[in-house]
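A.B. asks: One file: coords-v1.txt (compact mmCIF, C-alpha atoms).
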```txt
# COMPACT_ATOMS: atom_id res chain seq x y z
CA MET A 1 128.68 70.51 76.14
CA LEU A 2 124.91 70.33 75.61
CA LEU A 3 124.60 68.12 78.68
CA GLY A 4 126.52 70.70 80.72
CA VAL A 5 124.23 73.51 79.54
CA LEU A 6 121.14 71.50 80.44
CA VAL A 7 122.54 70.76 83.91
CA ASN A 8 123.29 74.46 84.48
CA VAL A 9 119.79 75.49 83.35
CA LYS A 10 118.22 72.87 85.61
CA THR A 11 120.33 74.06 88.57
CA LEU A 12 119.42 77.69 87.85
CA ASN A 13 115.70 76.84 87.68
CA LYS A 14 115.90 75.01 91.02
CA ARG A 15 117.64 78.01 92.57
CA ILE A 16 114.99 80.41 91.24
CA VAL A 17 112.19 78.20 92.58
CA PHE A 18 113.93 77.91 95.96
CA GLU A 19 114.54 81.66 96.27
CA THR A 20 110.97 82.43 95.19
CA ALA A 21 109.64 80.02 97.81
CA ILE A 22 111.78 81.64 100.52
CA VAL A 23 110.57 85.13 99.58
CA GLY A 24 106.98 83.89 99.56
CA ILE A 25 107.32 82.36 103.02
CA ILE A 26 108.88 85.57 104.39
CA LEU A 27 106.07 87.69 102.92
CA LEU A 28 103.44 85.37 104.38
CA ALA A 29 105.08 85.61 107.80
CA ILE A 30 105.21 89.41 107.57
CA ALA A 31 101.56 89.51 106.48
CA PHE A 32 100.61 87.36 109.46
CA PHE A 33 102.36 89.68 111.93
CA PHE A 34 100.87 92.74 110.22
CA ILE A 35 97.37 91.31 110.61
CA ARG A 36 97.97 90.44 114.27
CA PHE A 37 99.32 93.94 114.96
CA PHE A 38 96.53 95.82 113.18
CA GLU A 39 93.85 93.71 114.84
CA GLN A 40 95.18 94.80 118.25
CA ILE A 41 94.87 98.54 117.57
CA PRO A 42 92.08 99.82 119.87
CA PRO A 43 88.89 100.73 117.96
CA GLN A 44 88.58 103.99 119.94
CA THR A 45 91.53 105.43 118.01
CA GLY A 46 89.18 105.88 115.07
CA TRP A 47 91.67 104.20 112.73
CA PRO A 48 91.51 103.45 109.87
CA ILE A 49 89.60 106.49 108.63
CA ASP A 50 88.79 105.82 104.95
CA TRP A 51 89.38 102.09 104.62
CA PRO A 52 86.21 100.77 106.37
CA ALA A 53 84.01 102.41 103.72
CA PHE A 54 86.22 101.21 100.88
CA TRP A 55 86.29 97.69 102.32
CA GLN A 56 82.50 97.64 102.69
CA ALA A 57 82.15 98.72 99.06
CA MET A 58 84.13 95.72 97.81
CA ARG A 59 82.94 92.97 100.15
CA TYR A 60 83.25 89.47 98.67
CA GLY A 61 84.73 90.76 95.43
CA ASN A 62 81.89 93.13 94.66
CA LEU A 63 82.52 96.78 93.81
CA SER A 64 79.58 98.94 94.82
CA TYR A 65 80.07 102.64 94.20
CA ALA A 66 76.51 103.37 95.27
CA SER A 67 76.90 101.82 98.74
CA VAL A 68 79.50 104.29 100.00
CA ASP A 69 80.05 107.98 99.43
CA GLY A 70 83.67 108.76 98.70
CA LEU A 71 84.73 105.70 96.68
CA ARG A 72 86.08 107.27 93.49
CA PRO A 73 88.96 105.10 92.12
CA PRO A 74 88.16 103.72 88.66
CA PRO A 75 87.15 100.06 88.50
CA TRP A 76 90.28 98.97 86.61
CA SER A 77 92.53 100.23 89.44
CA MET A 78 90.41 98.56 92.11
CA LEU A 79 90.59 95.10 90.50
CA PRO A 80 93.90 94.08 92.18
CA LEU A 81 92.47 94.99 95.61
CA LEU A 82 89.20 93.05 95.33
CA PRO A 83 90.63 89.99 97.18
CA LEU A 84 90.90 92.20 100.29
CA GLY A 85 87.11 92.20 100.40
CA PHE A 86 87.15 88.51 101.33
CA VAL A 87 88.98 89.06 104.64
CA SER A 88 88.02 91.06 107.72
CA MET A 89 88.17 94.85 107.66
CA ARG A 90 91.28 95.02 109.86
CA ALA A 91 93.01 92.19 108.01
CA GLY A 92 92.33 94.04 104.77
CA TRP A 93 93.72 97.24 106.28
CA ALA A 94 96.85 95.36 107.36
CA LEU A 95 97.37 93.85 103.92
CA LEU A 96 96.73 97.20 102.18
CA SER A 97 99.31 98.80 104.50
CA LEU A 98 101.80 96.03 103.73
CA LEU A 99 101.27 96.47 99.98
CA SER A 100 101.66 100.24 100.41
CA LEU A 101 104.95 99.88 102.29
CA ILE A 102 106.29 97.41 99.71
CA ALA A 103 105.41 99.87 96.92
CA LEU A 104 107.18 102.70 98.76
CA LEU A 105 110.27 100.58 99.51
CA LEU A 106 110.57 99.57 95.87
CA SER A 107 110.20 103.20 94.79
CA VAL A 108 113.39 104.36 96.56
CA PRO A 109 116.32 104.55 94.07
CA ARG A 110 119.16 102.10 94.70
CA ARG A 111 121.93 104.58 95.40
CA ARG A 112 124.39 105.37 98.14
CA PHE A 113 122.58 105.96 101.46
CA TYR A 114 119.66 103.92 100.10
CA TRP A 115 118.55 103.02 103.62
CA LEU A 116 118.45 106.67 104.61
CA GLY A 117 116.03 107.31 101.76
CA ILE A 118 113.85 104.43 102.98
CA VAL A 119 113.77 105.79 106.54
CA VAL A 120 112.98 109.36 105.41
CA LEU A 121 110.11 108.08 103.25
CA VAL A 122 108.61 105.42 105.51
CA VAL A 123 108.57 107.47 108.74
CA SER A 124 107.33 110.64 107.01
CA PHE A 125 104.00 112.29 107.83
CA PRO A 126 102.50 111.66 104.35
CA THR A 127 103.19 107.93 104.70
CA ALA A 128 101.76 107.81 108.22
CA ARG A 129 98.70 109.73 107.05
CA VAL A 130 98.03 107.34 104.16
CA LEU A 131 98.46 104.26 106.38
CA VAL A 132 96.15 105.65 109.07
CA ASP A 133 93.57 106.62 106.46
CA GLY A 134 93.79 103.30 104.66
CA ASN A 135 94.10 105.04 101.32
CA PHE A 136 95.80 104.37 98.00
CA GLU A 137 98.49 107.01 97.44
CA ALA A 138 101.39 104.61 98.01
CA LEU A 139 100.02 102.34 95.29
CA ILE A 140 99.90 105.36 92.97
CA VAL A 141 103.60 105.92 93.69
CA GLY A 142 104.33 102.30 92.82
CA GLY A 143 102.27 102.60 89.65
CA VAL A 144 104.06 105.75 88.50
CA VAL A 145 107.50 104.22 89.12
CA LEU A 146 106.48 101.10 87.18
CA ALA A 147 105.06 103.24 84.36
CA LEU A 148 108.30 105.26 84.13
CA TYR A 149 110.30 102.04 83.99
CA GLY A 150 108.07 100.72 81.22
CA PHE A 151 108.19 103.97 79.25
CA ASN A 152 111.94 104.54 79.49
CA ARG A 153 112.86 100.87 78.88
CA LEU A 154 110.31 100.27 76.10
CA ARG A 155 108.32 97.70 78.12
CA PRO A 156 104.64 97.86 77.03
CA LEU A 157 103.36 95.44 79.68
CA ALA A 158 105.12 97.23 82.55
CA LEU A 159 103.83 100.58 81.26
CA ALA A 160 100.27 99.29 81.06
CA ALA A 161 100.41 97.83 84.58
CA GLY A 162 101.90 101.06 85.92
CA VAL A 163 99.25 103.27 84.30
CA ILE A 164 96.46 101.06 85.66
CA LEU A 165 97.84 101.39 89.21
CA ALA A 166 98.74 105.07 88.90
CA THR A 167 95.16 106.06 88.10
CA PHE A 168 93.71 105.20 91.52
CA LYS A 169 93.26 108.96 91.84
CA PRO A 170 93.30 110.59 88.38
CA GLN A 171 93.56 114.07 89.94
CA ALA A 172 97.09 113.20 91.10
CA VAL A 173 98.42 112.12 87.69
CA PHE A 174 96.37 113.66 84.87
CA LEU A 175 99.13 116.02 83.67
CA LEU A 176 101.69 113.21 83.90
CA LEU A 177 99.41 111.00 81.80
CA LEU A 178 99.02 113.79 79.25
CA VAL A 179 102.79 114.19 78.87
CA LEU A 180 103.23 110.42 78.80
CA ALA A 181 100.65 110.05 76.02
CA VAL A 182 102.29 112.73 73.87
CA GLU A 183 105.76 111.26 74.33
CA LEU A 184 104.48 107.78 73.53
CA VAL A 185 103.05 108.94 70.22
CA ARG A 186 106.20 110.94 69.43
CA HIS A 187 108.88 108.41 70.31
CA TRP A 188 107.60 104.86 70.71
CA PRO A 189 107.62 102.39 67.80
CA ARG A 190 104.14 101.70 66.47
CA ARG A 191 104.34 97.99 67.31
CA ASP A 192 105.11 98.64 70.98
CA LEU A 193 102.49 101.39 71.14
CA ILE A 194 99.85 98.96 69.86
CA ARG A 195 100.96 96.34 72.38
CA PHE A 196 100.69 98.86 75.22
CA ALA A 197 97.21 99.90 74.05
CA GLY A 198 96.17 96.25 73.83
CA PHE A 199 97.43 95.37 77.31
CA THR A 200 95.71 98.42 78.80
CA ALA A 201 92.43 97.84 76.98
CA ALA A 202 92.39 94.19 78.07
CA VAL A 203 91.94 95.41 81.67
CA VAL A 204 90.17 98.75 81.29
CA VAL A 205 87.43 97.72 78.84
CA PRO A 206 86.08 94.72 80.83
CA ALA A 207 86.29 96.74 84.07
CA MET A 208 84.31 99.59 82.51
CA LEU A 209 81.72 97.19 81.12
CA TRP A 210 81.41 95.70 84.62
CA ARG A 211 81.27 98.82 86.79
CA GLY A 212 82.01 101.76 84.51
CA GLN A 213 78.53 103.27 84.63
CA ASP A 214 78.44 103.14 88.44
CA TRP A 215 81.87 104.76 88.60
CA LEU A 216 80.87 107.60 86.27
CA LEU A 217 77.73 108.23 88.33
CA ALA A 218 79.82 108.33 91.51
CA MET A 219 82.26 110.75 89.86
CA PHE A 220 79.81 113.10 88.17
CA GLY A 221 76.45 112.36 89.78
CA GLN A 222 74.56 114.28 92.45
CA ASN A 223 77.57 114.31 94.82
CA PHE A 224 79.85 115.79 92.18
CA GLY A 225 81.87 118.58 93.70
CA ARG A 226 80.76 117.79 97.25
CA TYR A 227 84.25 118.34 98.67
CA THR A 228 85.39 120.90 96.10
CA GLY A 229 86.39 124.10 97.84
CA SER A 230 86.10 122.55 101.31
CA LEU A 231 88.71 122.95 104.03
CA ILE A 232 90.48 119.78 102.88
CA ASP A 233 90.73 120.93 99.25
CA VAL A 234 94.34 121.97 98.52
CA THR A 235 93.96 122.98 94.87
CA LEU A 236 94.85 126.41 93.49
CA ILE A 237 91.25 127.20 92.58
CA ALA A 238 89.97 126.35 96.06
CA THR A 239 92.75 128.39 97.68
CA LEU A 240 92.06 131.46 95.54
CA ARG A 241 88.34 131.27 96.28
CA ARG A 242 88.89 130.92 100.03
CA LEU A 243 91.06 134.04 99.83
CA GLY A 244 88.18 135.89 98.20
CA LEU A 245 89.83 135.98 94.75
CA ASP A 246 86.93 134.26 93.02
CA SER A 247 86.92 136.20 89.76
CA PRO A 248 86.55 133.63 86.92
CA ALA A 249 88.92 135.67 84.75
CA LEU A 250 91.62 135.79 87.44
CA ILE A 251 91.24 132.10 88.23
CA GLY A 252 91.39 131.23 84.53
CA VAL A 253 94.56 133.27 83.97
CA VAL A 254 96.29 131.77 87.03
CA TRP A 255 95.27 128.23 86.12
CA LEU A 256 96.28 128.48 82.46
CA GLY A 257 99.56 130.17 83.34
CA PHE A 258 100.41 127.54 85.93
CA VAL A 259 99.54 124.56 83.71
CA GLY A 260 101.17 126.18 80.68
CA LEU A 261 104.46 126.77 82.52
CA THR A 262 104.42 123.19 83.82
CA LEU A 263 103.85 121.68 80.38
CA TYR A 264 106.43 123.98 78.80
CA ALA A 265 109.02 122.67 81.27
CA ALA A 266 107.92 119.07 80.67
CA PHE A 267 108.17 119.35 76.86
CA ALA A 268 111.23 121.61 76.65
CA ARG A 269 114.17 120.33 74.63
CA GLY A 270 116.43 117.88 76.34
CA SER A 271 116.15 114.21 77.18
CA ASN A 272 113.09 112.34 75.89
CA ARG A 273 113.04 110.33 79.11
CA ILE A 274 110.46 111.04 81.80
CA ASP A 275 112.42 110.76 85.02
CA ARG A 276 111.37 110.89 88.65
CA THR A 277 111.94 114.65 88.90
CA LYS A 278 109.66 115.40 85.96
CA ALA A 279 107.06 112.95 87.32
CA SER A 280 107.15 114.71 90.70
CA LEU A 281 106.75 118.10 88.99
CA LEU A 282 103.76 116.85 86.99
CA THR A 283 102.03 115.12 89.90
CA ALA A 284 102.44 118.17 92.15
CA ALA A 285 101.05 120.33 89.35
CA SER A 286 98.19 117.88 88.81
CA LEU A 287 97.15 118.13 92.45
CA LEU A 288 97.28 121.92 92.34
CA ALA A 289 95.44 122.22 89.02
CA ALA A 290 92.81 119.52 89.64
CA PRO A 291 89.16 120.35 90.38
CA TYR A 292 89.67 118.75 93.80
CA ALA A 293 92.56 117.18 95.73
CA ALA A 294 93.22 116.42 99.40
CA GLY A 295 96.42 116.89 101.36
CA ASN A 296 97.09 113.17 101.83
CA SER A 297 97.97 112.94 98.11
CA LEU A 298 101.12 114.95 98.87
CA LEU A 299 102.80 111.56 99.33
CA VAL A 300 102.87 111.05 95.55
CA PRO A 301 105.15 113.96 94.50
CA TYR A 302 107.05 113.67 97.80
CA ALA A 303 108.02 110.04 97.20
CA LEU A 304 108.67 110.53 93.49
CA GLY A 305 110.80 113.65 93.70
CA VAL A 306 112.01 114.58 97.17
CA ILE A 307 113.47 111.19 98.10
CA PRO A 308 115.61 110.87 94.93
CA LEU A 309 116.65 114.51 95.33
CA LEU A 310 118.20 113.60 98.70
CA PHE A 311 120.93 111.71 96.85
CA VAL A 312 121.90 114.52 94.46
CA LYS A 313 120.98 117.83 96.14
CA PRO A 314 120.59 117.22 99.89
CA ALA A 315 120.06 120.86 100.93
CA PRO A 316 116.76 121.62 99.13
CA ALA A 317 115.59 118.04 99.69
CA LEU A 318 116.16 118.24 103.46
CA LEU A 319 114.34 121.58 103.57
CA LEU A 320 111.33 119.94 101.92
CA VAL A 321 111.57 116.96 104.28
CA VAL A 322 111.47 119.27 107.30
CA LEU A 323 108.57 121.35 105.96
CA VAL A 324 106.54 118.28 105.06
CA ASN A 325 107.10 116.58 108.41
CA LEU A 326 106.19 119.68 110.42
CA SER A 327 102.66 118.36 109.88
CA PHE A 328 103.32 115.91 112.73
CA VAL A 329 103.08 118.98 114.98
CA LEU A 330 100.71 121.17 112.99
CA ASN A 331 98.07 118.61 112.04
CA ARG A 332 95.64 119.27 114.90
CA PRO A 333 91.87 119.87 114.94
CA GLU A 334 92.28 123.48 116.06
CA ASN A 335 94.40 124.19 112.97
CA VAL A 336 91.94 122.84 110.43
CA GLY A 337 91.06 126.36 109.26
CA TRP A 338 94.48 127.01 107.74
CA LEU A 339 96.04 123.58 107.21
CA ALA A 340 94.76 123.48 103.63
CA TYR A 341 96.76 126.67 102.94
CA TYR A 342 99.84 125.02 104.43
CA ASN A 343 99.44 121.90 102.27
CA THR A 344 98.89 124.05 99.18
CA GLY A 345 102.04 125.98 100.09
CA LEU A 346 103.98 122.72 100.44
CA LEU A 347 102.84 121.60 97.01
CA LEU A 348 103.82 124.95 95.51
CA ILE A 349 107.28 124.88 97.11
CA LEU A 350 107.78 121.29 95.95
CA TRP A 351 106.63 122.29 92.45
CA VAL A 352 109.10 125.19 92.34
CA VAL A 353 112.01 122.98 93.45
CA MET A 354 111.16 120.29 90.90
CA LEU A 355 110.67 122.89 88.17
CA TRP A 356 114.12 124.29 88.86
CA GLN A 357 115.61 120.79 88.90
CA VAL A 358 113.93 119.86 85.59
CA TRP A 359 115.22 123.04 83.95
CA SER A 360 118.71 122.42 85.36
CA GLU A 361 118.77 118.87 84.01
CA GLN A 362 117.53 119.97 80.59
CA ARG A 363 120.10 122.76 80.45
CA SER A 364 122.83 120.26 81.27
CA ALA A 365 121.56 117.88 78.59
CA ARG A 366 121.54 120.65 75.95
CA THR A 367 125.04 121.76 76.95
CA ALA A 368 126.34 118.19 76.66
CA ALA A 369 124.68 117.79 73.27
CA HIS A 370 126.23 121.02 71.97
CA SER A 371 129.64 119.92 73.25
CA ASP A 372 129.32 116.62 71.39
CA ILE A 373 128.38 118.42 68.18
CA ALA A 374 131.27 120.84 68.55
CA ALA A 375 133.68 117.97 69.21
```
What's the structure tokens form of this structure?

C.D. replies:
Amino acid sequence: MLLGVLVNVKTLNKRIVFETAIVGIILLAIAFFFIRFFEQIPPQTGWPIDWPAFWQAMRYGNLSYASVDGLRPPPWSMLPLLPLGFVSMRAGWALLSLLSLIALLLSVPRRRFYWLGIVVLVVSFPTARVLVDGNFEALIVGGVVLALYGFNRLRPLALAAGVILATFKPQAVFLLLLVLAVELVRHWPRRDLIRFAGFTAAVVVPAMLWRGQDWLLAMFGQNFGRYTGSLIDVTLIATLRRLGLDSPALIGVVWLGFVGLTLYAAFARGSNRIDRTKASLLTAASLLAAPYAAGNSLLVPYALGVIPLLFVKPAPALLLVVLVNLSFVLNRPENVGWLAYYNTGLLLILWVVMLWQVWSEQRSARTAAHSDIAA
């Protein structure tokens, strides 16, 4: 019997090694074709938009915040991308795009019409915008999904890896991280909480010792607030000020009311899980309540909430899909004066839909709990 078990284990190990090798070969082939394709894109297109500066800032594994204006991701999130600084700019763009698409594909729930969800996400305007920019929003989506898996399944390592990836742009996730931190303290066993803290600190502390001071200077130095309130700023505060409603008291009341309502919905009685709908609500609210956020970050709440909603409530989800993808037509230079209002409106509509969905799910959970008690 023991001999049979050993033979089965050996056969299983060989199969795992073989399948892993096949997947690796396929990924290498895809990466090769991606690089060839991206290298053939004519330079006069102006693409990629953001990636050349990011790539220059991390040439040969270095991470220089001072050499480029606009590099703001924390050093711990940039660590996995540093190898892209050892290849050419266009090869790095191709590999970043491949990683982004893989993250988005893995983020789609495995349900009926799974392939429809993939198509709706991959060919959407937010995805196209992030790929053309050469930016990091798709990796944030992957990080949030991994963090939710780790939190809901009590996996400290997965949660730590997800949080590290999700914080590429803290303005997109700060309310989600706040809720996550509170729920961790409330519900996680102390041993697993300590393990999560240890895994996270093992990456964050060395990264901060290495480039933390440079990052903080880039975040809060002389260029702090350079883009705040500009035409690409989609936050509530920027929108109110552009409309001439720049009273500090009014802005404070609106901001506190908005954040308070969001957190009330997130902490209301019901399931202790943080699902995709709640994550979408909190990331949309984060972008609206942040000091600064750009429209390309719309991909984060869109991928987290709208795509899963397609499988359970197609009507509101399809409405959001149409509104979001109208940007293929509207995103023109002559419309730059009001596009920020449109993107802010999209985030607000998405927030309202997710808020309603969160409340509906919590109401259903409370009703089921009361029925169980009565029974």

A.B. asks: Could you work out how far atom CA of Leu339 of chain A lies from atom CA of Leu250 of chain A, giving the answer in Å with one decimal?

C.D. replies: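 Here the two named atoms are 23.7 Å from each other.
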
A.B. asks: Smallest atom-to-atom distance to Tyr65 of chain A: which of A:Pro109, A:Pro80, A:Gly117, A:Gly212, using only C-alpha atoms?

C.D. replies: A:Gly212

A.B. asks: So how far away is atom CA of Gln40 of chain A from atom CA of Pro52 of chain A, in Å?

C.D. replies: 16.0 Å

A.B. asks: Using all atoms listed in the file, which residue out of A:Ser286, A:Gln357, A:Thr167, A:Ser297 lies closest to Trp76 of chain A?

C.D. replies: A:Thr167

A.B. asks: Residues at most 10 Å from segment 176-189 of chain A, counting all atoms listed in the file, excluding those fewer than 2 positions away in the same chain, as a VMD selection string?

C.D. replies: chain A and resid 144 147 to 148 151 to 152 154 156 163 166 to 167 170 172 to 174 191 to 194 196 263 266 to 267 272 to 274 278 to 286

A.B. asks: How many Å separate atom CA of Val306 of chain A from atom CA of Gly150 of chain A?

C.D. replies: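 Atom CA of Gly150 of chain A lies 21.5 Å from atom CA of Val306 of chain A.
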
A.B. asks: Pick from A:Leu355, A:Ala340, A:Leu310, A:Leu82: nearest to Ala265 of chain A, with all atoms listed in the file counted?

C.D. replies: A:Leu355

A.B. asks: Which of these residues is nearest to Arg242 of chain A, using only C-alpha atoms: A:Thr228, A:Ile349, A:Ile22, A:Thr45?

C.D. replies: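 Closest residue, counting only C-alpha atoms: A:Thr228.
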
A.B. asks: Mind rebuilding segment 190-214 of chain A with N, CA, C and O atoms and writing that out as an mmCIF file, in the frame of the given file?

C.D. replies:
```cif
data_model
loop_
_atom_site.group_PDB
_atom_site.id
_atom_site.type_symbol
_atom_site.label_atom_id
_atom_site.label_comp_id
_atom_site.auth_asym_id
_atom_site.auth_seq_id
_atom_site.Cartn_x
_atom_site.Cartn_y
_atom_site.Cartn_z
ATOM 1 N N ARG A 190 105.579 101.982 66.587
ATOM 2 C CA ARG A 190 104.140 101.700 66.470
ATOM 3 C C ARG A 190 103.787 100.327 67.030
ATOM 4 O O ARG A 190 102.762 100.166 67.684
ATOM 5 N N ARG A 191 104.636 99.339 66.815
ATOM 6 C CA ARG A 191 104.340 97.990 67.310
ATOM 7 C C ARG A 191 104.221 97.973 68.833
ATOM 8 O O ARG A 191 103.279 97.391 69.385
ATOM 9 N N ASP A 192 105.157 98.618 69.522
ATOM 10 C CA ASP A 192 105.110 98.640 70.980
ATOM 11 C C ASP A 192 103.955 99.500 71.488
ATOM 12 O O ASP A 192 103.364 99.197 72.523
ATOM 13 N N LEU A 193 103.627 100.550 70.766
ATOM 14 C CA LEU A 193 102.490 101.390 71.140
ATOM 15 C C LEU A 193 101.195 100.601 71.054
ATOM 16 O O LEU A 193 100.322 100.695 71.936
ATOM 17 N N ILE A 194 101.054 99.791 70.012
ATOM 18 C CA ILE A 194 99.850 98.960 69.860
ATOM 19 C C ILE A 194 99.796 97.905 70.959
ATOM 20 O O ILE A 194 98.727 97.617 71.512
ATOM 21 N N ARG A 195 100.940 97.345 71.305
ATOM 22 C CA ARG A 195 100.960 96.340 72.380
ATOM 23 C C ARG A 195 100.552 96.974 73.704
ATOM 24 O O ARG A 195 99.773 96.391 74.469
ATOM 25 N N PHE A 196 101.079 98.164 73.992
ATOM 26 C CA PHE A 196 100.690 98.860 75.220
ATOM 27 C C PHE A 196 99.186 99.127 75.233
ATOM 28 O O PHE A 196 98.512 98.885 76.249
ATOM 29 N N ALA A 197 98.647 99.624 74.122
ATOM 30 C CA ALA A 197 97.210 99.900 74.050
ATOM 31 C C ALA A 197 96.398 98.621 74.242
ATOM 32 O O ALA A 197 95.364 98.624 74.918
ATOM 33 N N GLY A 198 96.881 97.520 73.675
ATOM 34 C CA GLY A 198 96.170 96.250 73.830
ATOM 35 C C GLY A 198 96.173 95.744 75.258
ATOM 36 O O GLY A 198 95.133 95.307 75.780
ATOM 37 N N PHE A 199 97.343 95.802 75.922
ATOM 38 C CA PHE A 199 97.430 95.370 77.310
ATOM 39 C C PHE A 199 96.514 96.211 78.211
ATOM 40 O O PHE A 199 95.827 95.686 79.089
ATOM 41 N N THR A 200 96.524 97.529 77.980
ATOM 42 C CA THR A 200 95.710 98.420 78.800
ATOM 43 C C THR A 200 94.225 98.174 78.570
ATOM 44 O O THR A 200 93.440 98.073 79.524
ATOM 45 N N ALA A 201 93.843 98.055 77.301
ATOM 46 C CA ALA A 201 92.430 97.840 76.980
ATOM 47 C C ALA A 201 91.924 96.509 77.511
ATOM 48 O O ALA A 201 90.744 96.386 77.880
ATOM 49 N N ALA A 202 92.801 95.507 77.577
ATOM 50 C CA ALA A 202 92.390 94.190 78.070
ATOM 51 C C ALA A 202 91.918 94.234 79.515
ATOM 52 O O ALA A 202 91.149 93.372 79.956
ATOM 53 N N VAL A 203 92.365 95.237 80.276
ATOM 54 C CA VAL A 203 91.940 95.410 81.670
ATOM 55 C C VAL A 203 90.856 96.471 81.781
ATOM 56 O O VAL A 203 89.835 96.282 82.446
ATOM 57 N N VAL A 204 91.069 97.605 81.122
ATOM 58 C CA VAL A 204 90.170 98.750 81.290
ATOM 59 C C VAL A 204 88.792 98.480 80.693
ATOM 60 O O VAL A 204 87.767 98.783 81.322
ATOM 61 N N VAL A 205 88.726 97.908 79.508
ATOM 62 C CA VAL A 205 87.430 97.720 78.840
ATOM 63 C C VAL A 205 86.518 96.776 79.629
ATOM 64 O O VAL A 205 85.364 97.125 79.914
ATOM 65 N N PRO A 206 86.973 95.565 80.020
ATOM 66 C CA PRO A 206 86.080 94.720 80.830
ATOM 67 C C PRO A 206 85.677 95.365 82.154
ATOM 68 O O PRO A 206 84.534 95.207 82.602
ATOM 69 N N ALA A 207 86.625 96.090 82.798
ATOM 70 C CA ALA A 207 86.290 96.740 84.070
ATOM 71 C C ALA A 207 85.230 97.816 83.869
ATOM 72 O O ALA A 207 84.315 97.964 84.693
ATOM 73 N N MET A 208 85.315 98.564 82.788
ATOM 74 C CA MET A 208 84.310 99.590 82.510
ATOM 75 C C MET A 208 82.968 98.969 82.154
ATOM 76 O O MET A 208 81.910 99.495 82.533
ATOM 77 N N LEU A 209 82.979 97.865 81.424
ATOM 78 C CA LEU A 209 81.720 97.190 81.120
ATOM 79 C C LEU A 209 81.073 96.642 82.390
ATOM 80 O O LEU A 209 79.838 96.569 82.496
ATOM 81 N N TRP A 210 81.910 96.274 83.361
ATOM 82 C CA TRP A 210 81.410 95.700 84.620
ATOM 83 C C TRP A 210 80.872 96.779 85.548
ATOM 84 O O TRP A 210 79.745 96.690 86.038
ATOM 85 N N ARG A 211 81.671 97.805 85.813
ATOM 86 C CA ARG A 211 81.270 98.820 86.790
ATOM 87 C C ARG A 211 81.504 100.255 86.298
ATOM 88 O O ARG A 211 81.471 101.180 87.105
ATOM 89 N N GLY A 212 81.706 100.430 85.014
ATOM 90 C CA GLY A 212 82.010 101.760 84.510
ATOM 91 C C GLY A 212 80.893 102.761 84.708
ATOM 92 O O GLY A 212 81.128 103.917 85.093
ATOM 93 N N GLN A 213 79.659 102.347 84.475
ATOM 94 C CA GLN A 213 78.530 103.270 84.630
ATOM 95 C C GLN A 213 78.387 103.721 86.086
ATOM 96 O O GLN A 213 78.166 104.915 86.354
ATOM 97 N N ASP A 214 78.533 102.777 87.015
ATOM 98 C CA ASP A 214 78.440 103.140 88.440
ATOM 99 C C ASP A 214 79.555 104.103 88.833
ATOM 100 O O ASP A 214 79.333 105.037 89.614
#
```
